[in-house]
$ cat upload_35.csv   # CSV, C-alpha atoms
chain,number,residue,atom,x,y,z
A,1,MET,CA,0.0,0.0,0.0
A,2,LYS,CA,2.8,2.4,1.0
A,3,LEU,CA,4.6,1.5,-2.2
A,4,LYS,CA,1.5,2.4,-4.3
A,5,ILE,CA,1.1,5.8,-2.5
A,6,LEU,CA,4.8,6.6,-3.0
A,7,SER,CA,4.6,5.7,-6.7
A,8,LEU,CA,1.6,8.0,-7.2
A,9,CYS,CA,3.3,10.9,-5.5
A,10,ALA,CA,6.4,10.5,-7.6
A,11,PHE,CA,4.3,10.4,-10.8
A,12,LEU,CA,2.5,13.6,-9.9
A,13,LEU,CA,5.7,15.3,-9.0
A,14,ILE,CA,7.4,14.4,-12.3
A,15,ALA,CA,4.3,15.5,-14.2
A,16,ALA,CA,4.1,18.9,-12.5
A,17,THR,CA,7.9,19.5,-13.0
A,18,SER,CA,7.7,18.6,-16.6
A,19,ALA,CA,4.7,20.8,-17.2
A,20,SER,CA,6.4,23.8,-15.6
A,21,SER,CA,9.6,23.2,-17.6
A,22,GLN,CA,7.5,23.3,-20.8
A,23,GLU,CA,6.1,26.8,-19.9
A,24,LYS,CA,9.5,28.3,-19.4
A,25,LEU,CA,11.7,29.4,-22.3
A,26,SER,CA,15.0,27.9,-23.0
A,27,LYS,CA,17.9,30.3,-23.5
A,28,GLU,CA,18.0,29.4,-27.2
A,29,GLU,CA,14.3,30.1,-27.7
A,30,TRP,CA,14.6,33.4,-25.9
A,31,GLN,CA,17.5,34.4,-28.2
A,32,LYS,CA,15.6,33.3,-31.2
A,33,GLN,CA,12.6,35.5,-30.2
A,34,ILE,CA,14.8,38.4,-29.4
A,35,THR,CA,16.4,38.3,-32.8
A,36,GLU,CA,13.0,37.9,-34.5
A,37,TYR,CA,11.3,40.8,-32.6
A,38,THR,CA,14.4,43.0,-33.1
A,39,SER,CA,14.3,42.5,-36.8
A,40,GLN,CA,10.5,43.1,-36.9
A,41,ARG,CA,10.9,46.3,-34.8
A,42,ASP,CA,13.7,47.6,-37.1
A,43,SER,CA,11.7,46.9,-40.2
A,44,LEU,CA,8.6,48.6,-38.7
A,45,LYS,CA,10.7,51.6,-37.7
A,46,ASN,CA,11.9,51.9,-41.3
A,47,GLU,CA,8.4,51.5,-42.6
A,48,LEU,CA,7.2,54.3,-40.3
A,49,GLY,CA,10.0,56.6,-41.4
A,50,THR,CA,9.1,56.0,-45.1
A,51,LEU,CA,5.4,56.6,-44.4
A,52,THR,CA,6.1,59.8,-42.4
A,53,LYS,CA,8.1,61.1,-45.3
A,54,GLN,CA,5.4,60.2,-47.8
A,55,ILE,CA,2.7,61.8,-45.7
A,56,ASP,CA,4.8,65.0,-45.4
A,57,ALA,CA,5.2,65.0,-49.2
A,58,LEU,CA,1.4,64.5,-49.7
A,59,ARG,CA,0.7,67.4,-47.3
A,60,SER,CA,3.0,69.7,-49.1
A,61,ALA,CA,1.5,68.6,-52.5
A,62,LEU,CA,-1.9,69.4,-51.1
A,63,ALA,CA,-0.9,72.9,-50.0
A,64,SER,CA,0.7,73.6,-53.3
A,65,LEU,CA,-2.4,72.4,-55.2
A,66,ASP,CA,-4.6,74.6,-53.0
A,67,LYS,CA,-2.4,77.6,-53.9
A,68,GLN,CA,-2.5,76.7,-57.7
A,69,ILE,CA,-6.3,76.4,-57.6
A,70,GLN,CA,-6.6,79.8,-55.9
A,71,THR,CA,-4.2,81.4,-58.4
A,72,VAL,CA,-6.1,80.0,-61.4
A,73,LYS,CA,-9.5,81.1,-59.9
A,74,ASP,CA,-8.1,84.6,-59.2
A,75,GLU,CA,-6.7,84.8,-62.7
A,76,THR,CA,-10.0,83.7,-64.2
A,77,LEU,CA,-11.9,86.4,-62.2
A,78,ALA,CA,-9.4,89.0,-63.2
A,79,LEU,CA,-10.1,88.2,-66.9
A,80,SER,CA,-13.4,90.0,-66.6
A,81,GLY,CA,-11.7,93.1,-65.5
A,82,ALA,CA,-14.3,93.7,-62.8
A,83,SER,CA,-13.4,95.3,-59.6
A,84,ASP,CA,-14.0,93.7,-56.2
A,85,ALA,CA,-17.0,96.0,-55.6
A,86,VAL,CA,-18.6,95.1,-59.0
A,87,ARG,CA,-17.9,91.4,-58.3
A,88,THR,CA,-19.5,91.6,-54.8
A,89,ASP,CA,-22.6,93.3,-56.3
A,90,PHE,CA,-22.9,90.8,-59.1
A,91,GLU,CA,-22.6,87.9,-56.6
A,92,ARG,CA,-25.3,89.5,-54.4
A,93,ARG,CA,-27.7,89.9,-57.2
A,94,LEU,CA,-27.1,86.4,-58.5
A,95,GLN,CA,-27.7,85.0,-55.0
A,96,ASP,CA,-30.9,86.9,-54.7
A,97,LEU,CA,-32.1,85.6,-58.1
A,98,GLU,CA,-31.1,82.0,-57.1
A,99,ARG,CA,-33.1,82.4,-53.8
A,100,ARG,CA,-36.1,83.8,-55.6
A,101,VAL,CA,-36.2,81.1,-58.2
A,102,ALA,CA,-35.7,78.4,-55.4
A,103,GLU,CA,-38.7,79.9,-53.6
A,104,LEU,CA,-40.9,79.8,-56.7
A,105,LEU,CA,-40.0,76.2,-57.2
A,106,THR,CA,-41.4,75.3,-53.8
A,107,LEU,CA,-44.9,76.7,-54.7
A,108,SER,CA,-47.8,74.6,-55.7
A,109,ASP,CA,-48.9,74.9,-59.4
A,110,GLN,CA,-51.8,77.1,-58.4
A,111,ASP,CA,-49.6,79.3,-56.2
A,112,LEU,CA,-47.1,79.6,-58.9
A,113,TYR,CA,-49.8,80.6,-61.4
A,114,ALA,CA,-50.8,83.4,-59.0
A,115,HIS,CA,-47.1,84.5,-58.9
A,116,ARG,CA,-46.5,84.1,-62.6
A,117,SER,CA,-45.3,87.7,-62.9
A,118,ASP,CA,-42.5,86.8,-60.5
A,119,VAL,CA,-41.2,84.3,-63.0
A,120,ASP,CA,-41.2,87.0,-65.6
A,121,SER,CA,-39.2,89.3,-63.4
A,122,ALA,CA,-36.8,86.5,-62.5
A,123,GLN,CA,-36.2,86.0,-66.2
A,124,ALA,CA,-35.6,89.7,-66.7
A,125,ILE,CA,-33.1,89.8,-63.8
A,126,LYS,CA,-31.3,86.8,-65.3
A,127,ASP,CA,-31.2,88.4,-68.7
A,128,ASN,CA,-29.7,91.6,-67.2
A,129,LEU,CA,-27.0,89.7,-65.4
A,130,MET,CA,-26.2,87.9,-68.6
A,131,LYS,CA,-25.4,91.2,-70.3
A,132,GLU,CA,-22.5,91.8,-67.8
A,133,ARG,CA,-18.9,90.7,-68.5
A,134,LEU,CA,-18.8,88.8,-65.2
A,135,ALA,CA,-21.5,86.5,-66.6
A,136,ASP,CA,-18.8,85.1,-69.0
A,137,VAL,CA,-16.7,84.0,-66.0
A,138,GLU,CA,-17.3,80.2,-66.0
A,139,ARG,CA,-18.3,80.0,-62.3
A,140,TYR,CA,-21.0,82.6,-62.8
A,141,TYR,CA,-21.9,81.4,-66.3
A,142,GLU,CA,-22.6,77.9,-64.9
A,143,ARG,CA,-24.8,79.3,-62.1
A,144,LEU,CA,-26.7,81.4,-64.5
A,145,GLN,CA,-27.3,78.4,-66.8
A,146,LYS,CA,-28.7,76.5,-63.8
A,147,VAL,CA,-31.0,79.4,-63.0
A,148,GLN,CA,-32.2,79.6,-66.6
A,149,SER,CA,-32.9,75.8,-66.6
A,150,LYS,CA,-35.0,76.3,-63.4
A,151,ILE,CA,-36.8,79.3,-64.9
A,152,ASP,CA,-37.5,77.1,-67.9
A,153,ASN,CA,-39.0,74.5,-65.7
A,154,LEU,CA,-41.2,77.1,-64.0
A,155,ARG,CA,-42.3,78.4,-67.4
A,156,SER,CA,-43.2,74.9,-68.5
A,157,THR,CA,-45.3,74.4,-65.3
A,158,LEU,CA,-47.0,77.7,-65.9
A,159,ALA,CA,-47.8,76.8,-69.5
A,160,LYS,CA,-49.4,73.6,-68.3
A,161,VAL,CA,-51.4,75.4,-65.6
A,162,ALA,CA,-52.4,78.1,-68.0
A,163,SER,CA,-53.7,75.6,-70.6
A,164,ALA,CA,-55.6,73.9,-67.8
A,165,ALA,CA,-56.9,77.3,-66.7
A,166,GLU,CA,-58.2,78.0,-70.2
A,167,SER,CA,-60.4,75.0,-70.0
A,168,GLU,CA,-61.5,76.1,-66.6
A,169,GLU,CA,-64.6,78.0,-65.8
A,170,HIS,CA,-64.9,81.8,-66.2
A,171,TYR,CA,-67.3,84.3,-64.7
A,172,VAL,CA,-68.1,87.7,-66.1
A,173,VAL,CA,-68.7,90.2,-63.4
A,174,ARG,CA,-72.2,91.8,-63.4
A,175,SER,CA,-73.3,95.0,-61.6
A,176,TRP,CA,-73.5,95.3,-57.8
A,177,SER,CA,-76.7,97.3,-57.9
A,178,LYS,CA,-78.6,94.6,-59.7
A,179,TYR,CA,-76.8,91.3,-59.1
A,180,ARG,CA,-74.8,92.1,-55.9
A,181,ASP,CA,-71.6,90.8,-57.6
A,182,CYS,CA,-68.5,90.9,-55.4
A,183,LEU,CA,-65.9,88.1,-54.8
A,184,TRP,CA,-67.7,86.9,-51.7
A,185,ASN,CA,-71.0,86.6,-53.5
A,186,ILE,CA,-69.6,85.1,-56.6
A,187,SER,CA,-67.8,82.5,-54.5
A,188,LYS,CA,-71.1,81.8,-52.7
A,189,LYS,CA,-73.0,81.0,-55.9
A,190,LYS,CA,-74.0,77.4,-56.2
A,191,LYS,CA,-72.5,77.0,-59.7
A,192,ILE,CA,-69.2,78.5,-58.5
A,193,TYR,CA,-68.1,77.2,-55.0
A,194,ASP,CA,-71.3,77.2,-53.1
A,195,SER,CA,-69.2,78.8,-50.3
A,196,PRO,CA,-68.4,82.5,-49.8
A,197,PHE,CA,-65.2,81.6,-47.8
A,198,LEU,CA,-63.4,80.5,-50.9
A,199,TRP,CA,-63.4,84.0,-52.4
A,200,PRO,CA,-59.5,84.4,-52.0
A,201,LYS,CA,-59.2,81.6,-54.5
A,202,ILE,CA,-60.8,83.8,-57.2
A,203,TRP,CA,-58.8,86.8,-56.1
A,204,GLN,CA,-55.4,85.0,-56.2
A,205,ALA,CA,-56.2,83.3,-59.6
A,206,ASN,CA,-56.9,86.8,-61.0
A,207,ARG,CA,-54.2,88.8,-59.2
A,208,ASP,CA,-53.2,90.4,-62.4
A,209,ARG,CA,-56.7,91.8,-62.8
A,210,ILE,CA,-57.8,92.3,-59.2
A,211,LYS,CA,-55.4,94.5,-57.2
A,212,ASP,CA,-58.0,95.3,-54.4
A,213,PRO,CA,-60.4,92.4,-53.8
A,214,ASP,CA,-63.1,94.9,-52.8
A,215,ILE,CA,-63.0,96.4,-56.3
A,216,ILE,CA,-64.1,94.4,-59.3
A,217,HIS,CA,-65.5,95.9,-62.5
A,218,VAL,CA,-68.6,95.0,-64.5
A,219,GLY,CA,-67.6,93.0,-67.6
A,220,GLN,CA,-64.4,91.7,-66.0
A,221,ARG,CA,-63.8,88.1,-67.0
A,222,LEU,CA,-62.6,86.2,-64.0
A,223,MET,CA,-61.0,82.8,-64.0
A,224,ILE,CA,-62.6,80.4,-61.6
A,225,PRO,CA,-60.0,77.8,-60.4
A,226,PRO,CA,-61.3,74.3,-59.6
A,227,PRO,CA,-62.9,74.0,-56.1
A,228,GLY,CA,-60.8,72.8,-53.2
A,229,SER,CA,-59.5,74.1,-49.9
A,230,LEU,CA,-57.5,77.3,-49.9
A,231,THR,CA,-53.8,77.0,-50.6
A,232,THR,CA,-51.1,78.5,-48.4
A,233,ALA,CA,-50.7,81.5,-50.6
A,234,GLU,CA,-54.5,82.1,-50.7
A,235,LYS,CA,-54.7,81.8,-46.9
A,236,SER,CA,-51.8,84.2,-46.5
A,237,ALA,CA,-53.3,86.7,-48.9
A,238,GLU,CA,-56.6,86.5,-47.1
A,239,ARG,CA,-54.8,87.2,-43.7
A,240,VAL,CA,-53.1,90.2,-45.2
A,241,TYR,CA,-56.4,91.5,-46.6
A,242,TRP,CA,-58.2,91.2,-43.2
A,243,SER,CA,-55.3,92.7,-41.2
A,244,LYS,CA,-55.3,95.7,-43.6
A,245,LYS,CA,-59.0,96.0,-43.4
A,246,HIS,CA,-59.0,96.0,-39.6
A,247,ALA,CA,-56.0,98.4,-39.3
B,1,MET,CA,12.3,-3.9,3.8
B,2,LYS,CA,15.2,-4.1,1.3
B,3,LYS,CA,12.7,-3.8,-1.5
B,4,LEU,CA,11.2,-0.7,0.1
B,5,ARG,CA,14.6,0.9,0.4
B,6,SER,CA,15.5,0.3,-3.3
B,7,VAL,CA,12.1,1.7,-4.4
B,8,SER,CA,12.7,4.8,-2.2
B,9,LEU,CA,16.1,5.3,-3.8
B,10,ALA,CA,14.7,5.0,-7.2
B,11,LEU,CA,12.0,7.6,-6.4
B,12,LEU,CA,14.6,9.9,-5.0
B,13,PHE,CA,16.6,9.6,-8.2
B,14,VAL,CA,13.6,10.4,-10.3
B,15,PHE,CA,12.7,13.4,-8.1
B,16,VAL,CA,16.3,14.9,-8.4
B,17,ALA,CA,16.3,14.3,-12.1
B,18,ALA,CA,13.0,16.1,-12.4
B,19,MET,CA,14.2,19.0,-10.4
B,20,PHE,CA,17.2,19.4,-12.7
B,21,ALA,CA,15.0,19.2,-15.7
B,22,GLY,CA,12.7,22.0,-14.3
B,23,CYS,CA,15.6,24.3,-13.3
B,24,SER,CA,17.7,23.9,-16.5
B,25,SER,CA,19.4,27.1,-17.7
B,26,GLY,CA,16.7,29.5,-19.0
B,27,PRO,CA,16.7,33.3,-19.5
B,28,THR,CA,17.0,35.5,-16.5
B,29,ALA,CA,14.2,37.7,-15.3
B,30,ASP,CA,15.9,40.8,-16.8
B,31,GLU,CA,16.2,39.0,-20.1
B,32,LEU,CA,12.6,38.0,-20.1
B,33,ALA,CA,11.7,41.7,-19.3
B,34,GLN,CA,13.8,42.7,-22.3
B,35,LEU,CA,11.8,40.4,-24.5
B,36,ASP,CA,8.5,41.6,-23.2
B,37,GLN,CA,9.5,45.2,-23.8
B,38,LEU,CA,10.6,44.3,-27.3
B,39,LYS,CA,7.2,42.7,-27.9
B,40,SER,CA,5.2,45.7,-26.7
B,41,GLU,CA,7.4,48.1,-28.7
B,42,THR,CA,6.8,46.0,-31.8
B,43,GLU,CA,3.0,46.0,-31.1
B,44,SER,CA,2.9,49.7,-30.7
B,45,LEU,CA,4.9,50.3,-33.9
B,46,LYS,CA,2.5,48.1,-35.8
B,47,LYS,CA,-0.4,50.3,-34.6
B,48,GLU,CA,1.5,53.4,-35.5
B,49,VAL,CA,2.2,52.0,-39.0
B,50,ALA,CA,-1.5,51.1,-39.5
B,51,ALA,CA,-2.6,54.6,-38.5
B,52,LYS,CA,-0.1,56.2,-40.8
B,53,GLU,CA,-1.3,54.0,-43.7
B,54,VAL,CA,-4.8,55.2,-43.1
B,55,GLU,CA,-3.6,58.8,-43.0
B,56,LYS,CA,-1.7,58.4,-46.2
B,57,THR,CA,-4.7,56.8,-48.0
B,58,ALA,CA,-6.9,59.7,-47.0
B,59,LEU,CA,-4.3,62.3,-48.1
B,60,GLU,CA,-3.9,60.5,-51.4
B,61,ALA,CA,-7.6,60.8,-52.0
B,62,GLN,CA,-7.5,64.5,-51.1
B,63,VAL,CA,-4.7,65.1,-53.5
B,64,ASN,CA,-6.5,63.4,-56.3
B,65,GLN,CA,-9.6,65.4,-55.5
B,66,LYS,CA,-7.6,68.7,-55.6
B,67,LYS,CA,-6.0,67.6,-58.9
B,68,GLU,CA,-9.4,67.3,-60.4
B,69,GLU,CA,-10.4,70.6,-58.9
B,70,LEU,CA,-7.4,72.2,-60.5
B,71,ALA,CA,-8.1,70.7,-63.8
B,72,THR,CA,-11.7,72.0,-63.6
B,73,ALA,CA,-10.4,75.5,-62.6
B,74,GLU,CA,-8.0,75.5,-65.6
B,75,ASN,CA,-10.8,74.4,-67.9
B,76,ASN,CA,-13.1,77.1,-66.6
B,77,GLN,CA,-10.3,79.6,-67.2
B,78,LYS,CA,-10.0,78.4,-70.8
B,79,LEU,CA,-13.8,78.6,-71.3
B,80,THR,CA,-14.0,82.1,-69.8
B,81,ARG,CA,-11.1,83.3,-72.0
B,82,GLN,CA,-12.8,81.9,-75.1
B,83,ARG,CA,-16.2,83.4,-74.2
B,84,LEU,CA,-14.7,86.8,-73.5
B,85,GLN,CA,-12.7,86.7,-76.7
B,86,SER,CA,-15.8,85.8,-78.7
B,87,GLN,CA,-17.6,88.8,-77.3
B,88,GLN,CA,-14.9,91.3,-78.3

$ encode --input "upload_35.csv" --output "structure tokens"
Amino acid sequence: MKLKILSLCAFLLIAATSASSQEKLSKEEWQKQITEYTSQRDSLKNELGTLTKQIDALRSALASLDKQIQTVKDETLALSGASDAVRTDFERRLQDLERRVAELLTLSDQDLYAHRSDVDSAQAIKDNLMKERLADVERYYERLQKVQSKIDNLRSTLAKVASAAESEEHYVVRSWSKYRDCLWNISKKKKIYDSPFLWPKIWQANRDRIKDPDIIHVGQRLMIPPPGSLTTAEKSAERVYWSKKHA
Amino acid sequence: MKKLRSVSLALLFVFVAAMFAGCSSGPTADELAQLDQLKSETESLKKEVAAKEVEKTALEAQVNQKKEELATAENNQKLTRQRLQSQQ
């Protein structure tokens, strides 16, 4: 029995010792790893040095390109012979035009139709800008071309709305004394909207003919847009009307 | 009794042999620390190199973009010149 216990202890001791000796490095293995890591470190250091140089070169190329681009742009602007003040003024007018056209593009077809004179005035502003020398500078030329293409889109929408409007109903104003014709009463008519509250619709569709909605003239041919709730522009026009009326 | 003694001697021999095997000549603590330091230095260099590679790629893309911008600016200048000349 004692012999068996002793043998077991010896076996365990040898196993443990052998395991611990496997975890430890031998001197040769250590040397091998040192050589391996040293060479890896040196090569990484070299790579890092090369990369740093390349990055520095790229940074300086970037700075030089920025400079060249600015020079070319300045030279291009100088070709027009325009002074800074003229250039600033041109830029401001062009920005205004771009903003106006962008606003017109957000309108519904009906609202756009009510603002059709604004499309004409945008076209006139664009044509005036095109007459200036700065319009030939590519950067402005491109922007003006974009504006023109947007105005063309607006015009094509207007043409569609106008052709639809032509097929829409019309109403010829009759006298107040006999027929009590005013926008409110016209809108109230059964064959029109059957609701007096839609009168701003008639006003806005005929803005070019009706400056003051309280004044319409006998014989005026009013366009009657299709029925429907008031658009944002119509509501806003009505608000302005009532605020002026109560002022 | 004699048998037990010989077995004990054999065990003692095995034990001593095992001790020698476990404590054979390995690197010293300083040498192991040197290796660890080298390993961590290498790891940190690897990270630095990777970061630089990313930076370089981004810069290369920027440079290409700027080159295109310059070409566009030069072309714009050419077009402006032509347009102005045609108006004169």

$ closest_atom_pairs --input "upload_35.csv" --of "chain A" --to "chain B" --cutoff "8 Å" --atoms "all atoms listed in the file" --output "tab-separated table"
residue	atom	partner	partner_atom	distance
A:Leu3	CA	B:Leu4	CA	7.3
A:Ser7	CA	B:Leu11	CA	7.6
A:Ala10	CA	B:Leu11	CA	6.4
A:Leu13	CA	B:Phe15	CA	7.3
A:Ile14	CA	B:Ala18	CA	5.9
A:Thr17	CA	B:Gly22	CA	5.6
A:Ser18	CA	B:Gly22	CA	6.5
A:Ser20	CA	B:Gly22	CA	6.7
A:Ser21	CA	B:Gly22	CA	4.7
A:Lys24	CA	B:Gly26	CA	7.3
A:Leu25	CA	B:Gly26	CA	6.0
A:Ser26	CA	B:Gly26	CA	4.6
A:Lys27	CA	B:Gly26	CA	4.7
A:Trp30	CA	B:Pro27	CA	6.7
A:Gln33	CA	B:Leu35	CA	7.6
A:Ile34	CA	B:Leu35	CA	6.1
A:Tyr37	CA	B:Leu38	CA	6.4
A:Thr38	CA	B:Leu38	CA	7.1
A:Gln40	CA	B:Thr42	CA	6.9
A:Arg41	CA	B:Thr42	CA	5.1
A:Leu44	CA	B:Leu45	CA	6.3
A:Lys45	CA	B:Leu45	CA	7.1
A:Glu47	CA	B:Val49	CA	7.2
A:Leu48	CA	B:Val49	CA	5.7
A:Leu51	CA	B:Lys52	CA	6.6
A:Thr52	CA	B:Lys52	CA	7.3
A:Gln54	CA	B:Lys56	CA	7.5
A:Ile55	CA	B:Lys56	CA	5.6
A:Leu58	CA	B:Leu59	CA	6.3
A:Arg59	CA	B:Leu59	CA	7.2
A:Ala61	CA	B:Val63	CA	7.2
A:Leu62	CA	B:Val63	CA	5.7
A:Leu65	CA	B:Lys66	CA	6.4
A:Asp66	CA	B:Lys66	CA	7.1
A:Gln68	CA	B:Leu70	CA	7.2
A:Ile69	CA	B:Leu70	CA	5.2
A:Val72	CA	B:Ala73	CA	6.3
A:Lys73	CA	B:Ala73	CA	6.3
A:Glu75	CA	B:Gln77	CA	7.8
A:Thr76	CA	B:Gln77	CA	5.1
A:Leu79	CA	B:Arg81	CA	7.1
A:Ser80	CA	B:Leu84	CA	7.7
A:Arg133	CA	B:Leu84	CA	7.6
A:Asp136	CA	B:Thr80	CA	5.7
A:Val137	CA	B:Thr80	CA	5.0
A:Glu138	CA	B:Asn76	CA	5.3
A:Arg139	CA	B:Asn76	CA	7.3

$ write_last_selection --input "upload_35.csv" --atoms "C-alpha atoms" --output "JSON list (two decimals), in the coordinates of the input"
[["chain", "number", "residue", "atom", "x", "y", "z"],
["A", 3, "LEU", "CA", 4.60, 1.50, -2.20],
["A", 7, "SER", "CA", 4.60, 5.70, -6.70],
["A", 10, "ALA", "CA", 6.40, 10.50, -7.60],
["A", 13, "LEU", "CA", 5.70, 15.30, -9.00],
["A", 14, "ILE", "CA", 7.40, 14.40, -12.30],
["A", 17, "THR", "CA", 7.90, 19.50, -13.00],
["A", 18, "SER", "CA", 7.70, 18.60, -16.60],
["A", 20, "SER", "CA", 6.40, 23.80, -15.60],
["A", 21, "SER", "CA", 9.60, 23.20, -17.60],
["A", 24, "LYS", "CA", 9.50, 28.30, -19.40],
["A", 25, "LEU", "CA", 11.70, 29.40, -22.30],
["A", 26, "SER", "CA", 15.00, 27.90, -23.00],
["A", 27, "LYS", "CA", 17.90, 30.30, -23.50],
["A", 30, "TRP", "CA", 14.60, 33.40, -25.90],
["A", 33, "GLN", "CA", 12.60, 35.50, -30.20],
["A", 34, "ILE", "CA", 14.80, 38.40, -29.40],
["A", 37, "TYR", "CA", 11.30, 40.80, -32.60],
["A", 38, "THR", "CA", 14.40, 43.00, -33.10],
["A", 40, "GLN", "CA", 10.50, 43.10, -36.90],
["A", 41, "ARG", "CA", 10.90, 46.30, -34.80],
["A", 44, "LEU", "CA", 8.60, 48.60, -38.70],
["A", 45, "LYS", "CA", 10.70, 51.60, -37.70],
["A", 47, "GLU", "CA", 8.40, 51.50, -42.60],
["A", 48, "LEU", "CA", 7.20, 54.30, -40.30],
["A", 51, "LEU", "CA", 5.40, 56.60, -44.40],
["A", 52, "THR", "CA", 6.10, 59.80, -42.40],
["A", 54, "GLN", "CA", 5.40, 60.20, -47.80],
["A", 55, "ILE", "CA", 2.70, 61.80, -45.70],
["A", 58, "LEU", "CA", 1.40, 64.50, -49.70],
["A", 59, "ARG", "CA", 0.70, 67.40, -47.30],
["A", 61, "ALA", "CA", 1.50, 68.60, -52.50],
["A", 62, "LEU", "CA", -1.90, 69.40, -51.10],
["A", 65, "LEU", "CA", -2.40, 72.40, -55.20],
["A", 66, "ASP", "CA", -4.60, 74.60, -53.00],
["A", 68, "GLN", "CA", -2.50, 76.70, -57.70],
["A", 69, "ILE", "CA", -6.30, 76.40, -57.60],
["A", 72, "VAL", "CA", -6.10, 80.00, -61.40],
["A", 73, "LYS", "CA", -9.50, 81.10, -59.90],
["A", 75, "GLU", "CA", -6.70, 84.80, -62.70],
["A", 76, "THR", "CA", -10.00, 83.70, -64.20],
["A", 79, "LEU", "CA", -10.10, 88.20, -66.90],
["A", 80, "SER", "CA", -13.40, 90.00, -66.60],
["A", 133, "ARG", "CA", -18.90, 90.70, -68.50],
["A", 136, "ASP", "CA", -18.80, 85.10, -69.00],
["A", 137, "VAL", "CA", -16.70, 84.00, -66.00],
["A", 138, "GLU", "CA", -17.30, 80.20, -66.00],
["A", 139, "ARG", "CA", -18.30, 80.00, -62.30]]

$ closest_residue --input "upload_35.csv" --among "A:Tyr113, A:Tyr141, A:Trp184, A:Tyr179" --to "Ala164 (chain A)" --atoms "only C-alpha atoms"
A:Tyr113

$ atom_distance --input "upload_35.csv" --atom1 "CA of Val240 (chain A)" --atom2 "CA of Ile216 (chain A)"
18.4 Å

$ atom_distance --input "upload_35.csv" --atom1 "CA of Ser243 (chain A)" --atom2 "CA of Met223 (chain A)"
25.5 Å

$ atom_distance --input "upload_35.csv" --atom1 "CA of Cys182 (chain A)" --atom2 "CA of Val161 (chain A)"
25.2 Å

$ closest_residue --input "upload_35.csv" --among "A:Arg116, A:Arg99, A:Arg92, A:Lys32" --to "Arg207 (chain A)" --atoms "all atoms listed in the file"
A:Arg116
